[in-house]
Number of protein chains: 2
Amino acid sequence: MAVAAVKSSRRTATREERRQQLILATIKTISKKGIGSTTLADVAQEAGLSQGIVNLHFRAKDNLLNETLQYLAEDYKSQFDSTLEESGPEAADKLLAMMEMDLKPSICDRQKLAVWFAFWGEVKSVPTYQKICEAYDRGYDEAISGLCQQIIDEGGYRNVSAQVVTDALSSMTDGLWLSYLVSPKGFDREEAMEAVYSYLRAVFPEHYE
Amino acid sequence: MAVAAVKSSRRTATREERRQQLILATIKTISKKGIGSTTLADVAQEAGLSQGIVNLHFRAKDNLLNETLQYLAEDYKSQFDSTLEESGPEAADKLLAMMEMDLKPSICDRQKLAVWFAFWGEVKSVPTYQKICEAYDRGYDEAISGLCQQIIDEGGYRNVSAQVVTDALSSMTDGLWLSYLVSPKGFDREEAMEAVYSYLRAVFPEHYE
DNA sequence: GAAAAATGAATGAATAGTCATTCAGTTTAT
DNA sequence: ATAAACTGAATGACTATTCATTCATTTTTC
């Protein structure tokens with residue numbers, strides 16, 4: 001008999017494996033029950049582990065939630081970075097690729113969105129969430145406005161501000177996510193992308209016609 | 001001595017007065033503590049009333065929260081309706097007025113936004129919230145797309161869909177609200193309005209140049 | 001028009017349930 | 001054998017809900 005692969009039912013895992021497993025269980029649980037009704041028992045059960053496990057690995061619930069938000073932000077950032085790398089070479093191609101990324105199923109997925117909105121819903125009352133979200137927004141903003149500026153320079157567009165276009169585009173994706181969350185039935189990826197595209201065409205006609 | 005006005009310390013108020021007072025206290029409390037940490041004791045204290053008062057008037061916490069969301073939606077709707085009435089006469093004026101309304105301080109106020117986002121954060125896990133939000137979105141969508149269609153017809157715009165423009169505009173305001181919530185320091189009403197305006201100018205040049 | 005009776009709004013202490021956290025003991029890895 | 005990971009019952013804090021009681025206001029009675 002071949003050497004049996006290490007079964008996944010190994011009782012002990014490395015600290016990092018267990019932490020990630022718990023974070024994923026947290027995401028799943030929040031998307032099902034909401035952040036307010038997510039208990040540590042729910043998370044432990046979702047992970048198939050015991051009562052006390054979260055406190056063992058995260059010390060306190062606060063921590064688990066902060067790290068979950070951090071995880072979401074990093075997950076987004078990494079998709080964001082690889083999209084930037086893989087697309088191109090023109091700035092206009094990159095910008096379009098970024099907008100498409102925001103609407104593709106691996107990002108614009110109702111489960112993940114529910115978790116993002118759950119955290120956004122507490123931004124005003126939980127300073128840590130605000131800090132994490134603010135940092136993540138800044139990164140996004142810089143990348144997008146850099147691309148917009150390049151496009152503006154290339155096209156010699158007059159009366160177009162990179163910052164304004166960035167505000168418009170990033171708001172639009174957040175808002176489209178909300179509409180998907182609230183009205184999944186009425187949401188249509190193509191139509192959503194068309195909303196973004198209509199703006200790009202309108203402000204950068206040279207590049208997107 | 002003039003007849004003393006009935007002091008506001010009257011111990012009993014009508015059912016409706018008390019309910020509204022409690023709803024307002026709920027909004028204030030949620031904006032400060034978040035929906036997850038808002039207790040009935042907090043709400044009662046904010047209202048200057050006693051422990052059991054919420055259950056007396058709303059039967060259960062669920063109910064108070066549902067009615068609070070309903071109240072927010074109606075409050076928005078009424079500002080929305082009066083903006084529509086007072087502006088005009090052209091559809092283009094009305095549309096611009098609606099967009100300006102969404103960014104004026106009485107709507108785009110961090111306290112109210114925190115409460116909206118708190119509810120949106122639970123939309124996926126609380127079906128009642130979804131229903132209320134969906135209905136309110138539909139009303140908004142119909143009004144805006146009606147105006148857009150009128151503008152399109154007037155201007156003879158080709159290749160512009162009223163629904164697509166509506167999606168873009170309504171997403172943009174939701175997203176701008178989020179950016180205000182997350183980064184109040186970095187938010188600039190003028191710049192936000194400019195983002196919306198840049199889109200309007202771009203898709204309806206005849207009307208907004 | 002005053003006193004008595006009735007009404008129902010409001011209180012706040014008591015209850016019952018939920019949940020984060022702890023920790024003594026168990027299992028697994030080295 | 002020792003250390004580390006893990007368990008799950010126990011604990012204590014917190015909170016929604018209930019309810020007997022208090023009290024302001026209105027209605028009725030004489």
# chains A, B, ... in the order shown; residues from 1 in each chain; ligands from 1

call {"tool": "residues_around", "arguments": {"residues": "Asp81 in chain B", "least_positions_apart": "5", "cutoff": "10 Å", "atoms": "only C-alpha atoms (C1' of nucleotides)", "output": "list in words"}}
result
Tyr76, Glu86, Met98 and Ala143 of chain B

call {"tool": "write_last_selection", "arguments": {"atoms": "N, CA and C atoms", "output": "compact mmCIF listing (two decimals), in the first residue's frame"}}
result
# COMPACT_ATOMS: atom_id res chain seq x y z
N TYR B 76 -36.41 59.45 4.03
CA TYR B 76 -35.71 59.70 2.76
C TYR B 76 -36.72 59.98 1.65
N GLU B 86 -40.29 70.54 -5.81
CA GLU B 86 -39.78 71.91 -5.79
C GLU B 86 -38.84 72.26 -6.93
N MET B 98 -32.04 65.99 -7.63
CA MET B 98 -32.04 64.74 -6.88
C MET B 98 -30.63 64.35 -6.46
N ALA B 143 -38.14 56.51 -10.22
CA ALA B 143 -38.16 57.96 -10.37
C ALA B 143 -36.98 58.43 -11.23

call {"tool": "residues_around", "arguments": {"residues": "range 30-46 of chain B", "least_positions_apart": "5", "cutoff": "9 Å", "atoms": "only C-alpha atoms (C1' of nucleotides)", "output": "list in words"}}
result
Ile35, Gly36, Ser37, Gly121, Glu122, Val123, Lys124, Ser125 and Val126 of chain A; Leu22, Ile23, Ala25, Gln51, Gly52, Ile53, Val54, Asn55, Lys61, Arg110, Gln111, Lys112, Leu113, Ala114, Val115, Ala118 and Phe119 of chain B; DT15 and DA16 of chain D

call {"tool": "write_last_selection", "arguments": {"atoms": "C-alpha atoms (C1' of nucleotides)", "output": "PDB file, in the first residue's frame"}}
result
ATOM      1  CA  ILE A  35     -22.055  39.945  12.342  1.00  0.00           C
ATOM      2  CA  GLY A  36     -24.348  40.655  15.264  1.00  0.00           C
ATOM      3  CA  SER A  37     -25.541  37.096  15.648  1.00  0.00           C
ATOM      4  CA  GLY A 121     -21.956  48.759   8.955  1.00  0.00           C
ATOM      5  CA  GLU A 122     -19.833  49.076  12.071  1.00  0.00           C
ATOM      6  CA  VAL A 123     -17.181  51.413  10.747  1.00  0.00           C
ATOM      7  CA  LYS A 124     -18.481  54.402  12.628  1.00  0.00           C
ATOM      8  CA  SER A 125     -18.658  52.619  15.952  1.00  0.00           C
ATOM      9  CA  VAL A 126     -15.549  50.443  15.754  1.00  0.00           C
TER      10      VAL A 126
ATOM     11  CA  LEU B  22     -38.049  55.856  20.727  1.00  0.00           C
ATOM     12  CA  ILE B  23     -37.267  55.473  17.050  1.00  0.00           C
ATOM     13  CA  ALA B  25     -33.409  57.418  20.197  1.00  0.00           C
ATOM     14  CA  GLN B  51     -36.174  49.872  31.024  1.00  0.00           C
ATOM     15  CA  GLY B  52     -39.380  48.311  29.906  1.00  0.00           C
ATOM     16  CA  ILE B  53     -40.552  51.109  27.652  1.00  0.00           C
ATOM     17  CA  VAL B  54     -39.513  49.612  24.330  1.00  0.00           C
ATOM     18  CA  ASN B  55     -41.298  46.358  24.926  1.00  0.00           C
ATOM     19  CA  LYS B  61     -36.628  44.536  19.796  1.00  0.00           C
ATOM     20  CA  ARG B 110     -22.514  60.681   8.966  1.00  0.00           C
ATOM     21  CA  GLN B 111     -24.919  59.817  11.746  1.00  0.00           C
ATOM     22  CA  LYS B 112     -27.736  58.833   9.421  1.00  0.00           C
ATOM     23  CA  LEU B 113     -25.390  57.069   7.034  1.00  0.00           C
ATOM     24  CA  ALA B 114     -23.985  54.982   9.857  1.00  0.00           C
ATOM     25  CA  VAL B 115     -27.494  53.748  10.545  1.00  0.00           C
ATOM     26  CA  ALA B 118     -25.742  49.238   9.849  1.00  0.00           C
ATOM     27  CA  PHE B 119     -28.971  47.933   8.333  1.00  0.00           C
TER      28      PHE B 119
ATOM     29  C1'  DT D  15     -29.517  41.664  28.138  1.00  0.00           C
ATOM     30  C1'  DA D  16     -34.410  40.913  26.266  1.00  0.00           C
TER      31       DA D  16
END

call {"tool": "interface_residues", "arguments": {"of": "chain B", "to": "chain C", "cutoff": "9 Å", "atoms": "only C-alpha atoms (C1' of nucleotides)", "output": "VMD selection string"}}
result
chain B and resid 11 to 15 49 to 53 56

call {"tool": "write_last_selection", "arguments": {"atoms": "C-alpha atoms", "output": "mmCIF file, in the first residue's frame"}}
result
data_model
loop_
_atom_site.group_PDB
_atom_site.id
_atom_site.type_symbol
_atom_site.label_atom_id
_atom_site.label_comp_id
_atom_site.auth_asym_id
_atom_site.auth_seq_id
_atom_site.Cartn_x
_atom_site.Cartn_y
_atom_site.Cartn_z
ATOM 1 C CA ARG B 11 -45.512 61.859 32.066
ATOM 2 C CA THR B 12 -47.753 60.436 29.410
ATOM 3 C CA ALA B 13 -47.551 61.048 25.724
ATOM 4 C CA THR B 14 -49.650 59.674 22.937
ATOM 5 C CA ARG B 15 -48.714 56.340 21.557
ATOM 6 C CA LEU B 49 -37.328 56.689 29.793
ATOM 7 C CA SER B 50 -37.321 53.426 31.635
ATOM 8 C CA GLN B 51 -36.174 49.872 31.024
ATOM 9 C CA GLY B 52 -39.380 48.311 29.906
ATOM 10 C CA ILE B 53 -40.552 51.109 27.652
ATOM 11 C CA LEU B 56 -44.353 48.282 25.992
#

call {"tool": "residues_around", "arguments": {"residues": "Met193 in chain B", "least_positions_apart": "6", "cutoff": "9 Å", "atoms": "only C-alpha atoms (C1' of nucleotides)", "output": "PyMOL selection string"}}
result
chain B and resi 99-100+103

call {"tool": "closest_residue", "arguments": {"among": "A:Thr166, A:Ser106, A:Ser87, A:Ser198", "to": "Cys148 in chain A", "atoms": "only C-alpha atoms"}}
result
A:Thr166

call {"tool": "interface_residues", "arguments": {"of": "chain D", "to": "chain B", "cutoff": "9 Å", "atoms": "only C-alpha atoms (C1' of nucleotides)", "output": "number ranges by chain"}}
result
D: 15-18, 23-25

call {"tool": "select_by_dssp", "arguments": {"residues": "chain A", "states": "alpha helix (DSSP H)", "output": "PyMOL selection string"}}
result
chain A and resi 15-33+40-47+53-58+61-86+91-103+110-120+127-155+162-182+189-203+205-208

call {"tool": "atom_distance", "arguments": {"atom1": "CA of Gln20 in chain B", "atom2": "CA of Ala47 in chain B"}}
result
10.3 Å

call {"tool": "atom_distance", "arguments": {"atom1": "CA of Lys104 in chain B", "atom2": "CA of Ala192 in chain B"}}
result
10.7 Å

call {"tool": "residues_around", "arguments": {"residues": "Asp174 in chain B", "least_positions_apart": "2", "cutoff": "8 Å", "atoms": "only C-alpha atoms (C1' of nucleotides)", "output": "PyMOL selection string"}}
result
(chain A and resi 171-172+174-175+178) or (chain B and resi 170-172+176-178)

call {"tool": "write_last_selection", "arguments": {"atoms": "C-alpha atoms", "output": "PDB file, in the first residue's frame"}}
result
ATOM      1  CA  SER A 171     -18.093  54.781  -5.741  1.00  0.00           C
ATOM      2  CA  MET A 172     -19.810  53.092  -8.590  1.00  0.00           C
ATOM      3  CA  ASP A 174     -19.264  50.000  -4.114  1.00  0.00           C
ATOM      4  CA  GLY A 175     -22.771  51.054  -5.034  1.00  0.00           C
ATOM      5  CA  LEU A 178     -24.822  47.196  -2.588  1.00  0.00           C
TER       6      LEU A 178
ATOM      7  CA  SER B 170     -27.627  55.514  -7.926  1.00  0.00           C
ATOM      8  CA  SER B 171     -24.566  53.366  -7.374  1.00  0.00           C
ATOM      9  CA  MET B 172     -22.443  56.449  -7.330  1.00  0.00           C
ATOM     10  CA  LEU B 176     -19.951  58.223  -2.177  1.00  0.00           C
ATOM     11  CA  TRP B 177     -21.844  57.758   1.062  1.00  0.00           C
ATOM     12  CA  LEU B 178     -19.622  54.831   1.907  1.00  0.00           C
TER      13      LEU B 178
END

call {"tool": "atom_distance", "arguments": {"atom1": "CA of Tyr199 in chain B", "atom2": "CA of Asp75 in chain B"}}
result
27.2 Å

call {"tool": "closest_residue", "arguments": {"among": "B:Gly48, B:Pro127, B:Gly156, B:Pro89", "to": "chain A", "atoms": "only C-alpha atoms"}}
result
B:Pro127

call {"tool": "decode", "arguments": {"residues": "chain C", "atoms": "C-alpha atoms (C1' of nucleotides)", "output": "PDB file, in the first residue's frame"}}
result
ATOM      1  C1'  DG C   1     -67.461  71.570  40.075  1.00  0.00           C
ATOM      2  C1'  DA C   2     -65.563  68.448  43.269  1.00  0.00           C
ATOM      3  C1'  DA C   3     -64.805  63.685  44.535  1.00  0.00           C
ATOM      4  C1'  DA C   4     -64.550  58.939  43.080  1.00  0.00           C
ATOM      5  C1'  DA C   5     -63.594  55.541  39.718  1.00  0.00           C
ATOM      6  C1'  DA C   6     -61.443  54.000  35.668  1.00  0.00           C
ATOM      7  C1'  DT C   7     -57.858  54.024  32.267  1.00  0.00           C
ATOM      8  C1'  DG C   8     -53.645  53.013  30.400  1.00  0.00           C
ATOM      9  C1'  DA C   9     -48.784  54.945  30.304  1.00  0.00           C
ATOM     10  C1'  DA C  10     -44.652  54.260  32.629  1.00  0.00           C
ATOM     11  C1'  DT C  11     -41.578  52.165  35.909  1.00  0.00           C
ATOM     12  C1'  DG C  12     -37.932  49.088  37.512  1.00  0.00           C
ATOM     13  C1'  DA C  13     -36.963  44.826  39.867  1.00  0.00           C
ATOM     14  C1'  DA C  14     -36.976  40.004  38.762  1.00  0.00           C
ATOM     15  C1'  DT C  15     -36.427  36.294  35.370  1.00  0.00           C
ATOM     16  C1'  DA C  16     -34.607  33.440  31.997  1.00  0.00           C
ATOM     17  C1'  DG C  17     -31.598  32.894  28.374  1.00  0.00           C
ATOM     18  C1'  DT C  18     -27.408  33.739  25.732  1.00  0.00           C
ATOM     19  C1'  DC C  19     -22.624  33.993  25.074  1.00  0.00           C
ATOM     20  C1'  DA C  20     -17.515  35.181  25.643  1.00  0.00           C
ATOM     21  C1'  DT C  21     -14.068  33.515  28.301  1.00  0.00           C
ATOM     22  C1'  DT C  22     -11.609  30.364  31.438  1.00  0.00           C
ATOM     23  C1'  DC C  23      -9.386  26.308  32.757  1.00  0.00           C
ATOM     24  C1'  DA C  24      -8.661  21.530  34.276  1.00  0.00           C
ATOM     25  C1'  DG C  25      -8.130  17.696  31.895  1.00  0.00           C
ATOM     26  C1'  DT C  26      -7.210  14.926  27.388  1.00  0.00           C
ATOM     27  C1'  DT C  27      -5.023  13.880  23.133  1.00  0.00           C
ATOM     28  C1'  DT C  28      -1.336  14.245  19.882  1.00  0.00           C
ATOM     29  C1'  DA C  29       3.352  15.146  18.220  1.00  0.00           C
ATOM     30  C1'  DT C  30       8.283  14.928  18.892  1.00  0.00           C
TER      31       DT C  30
END
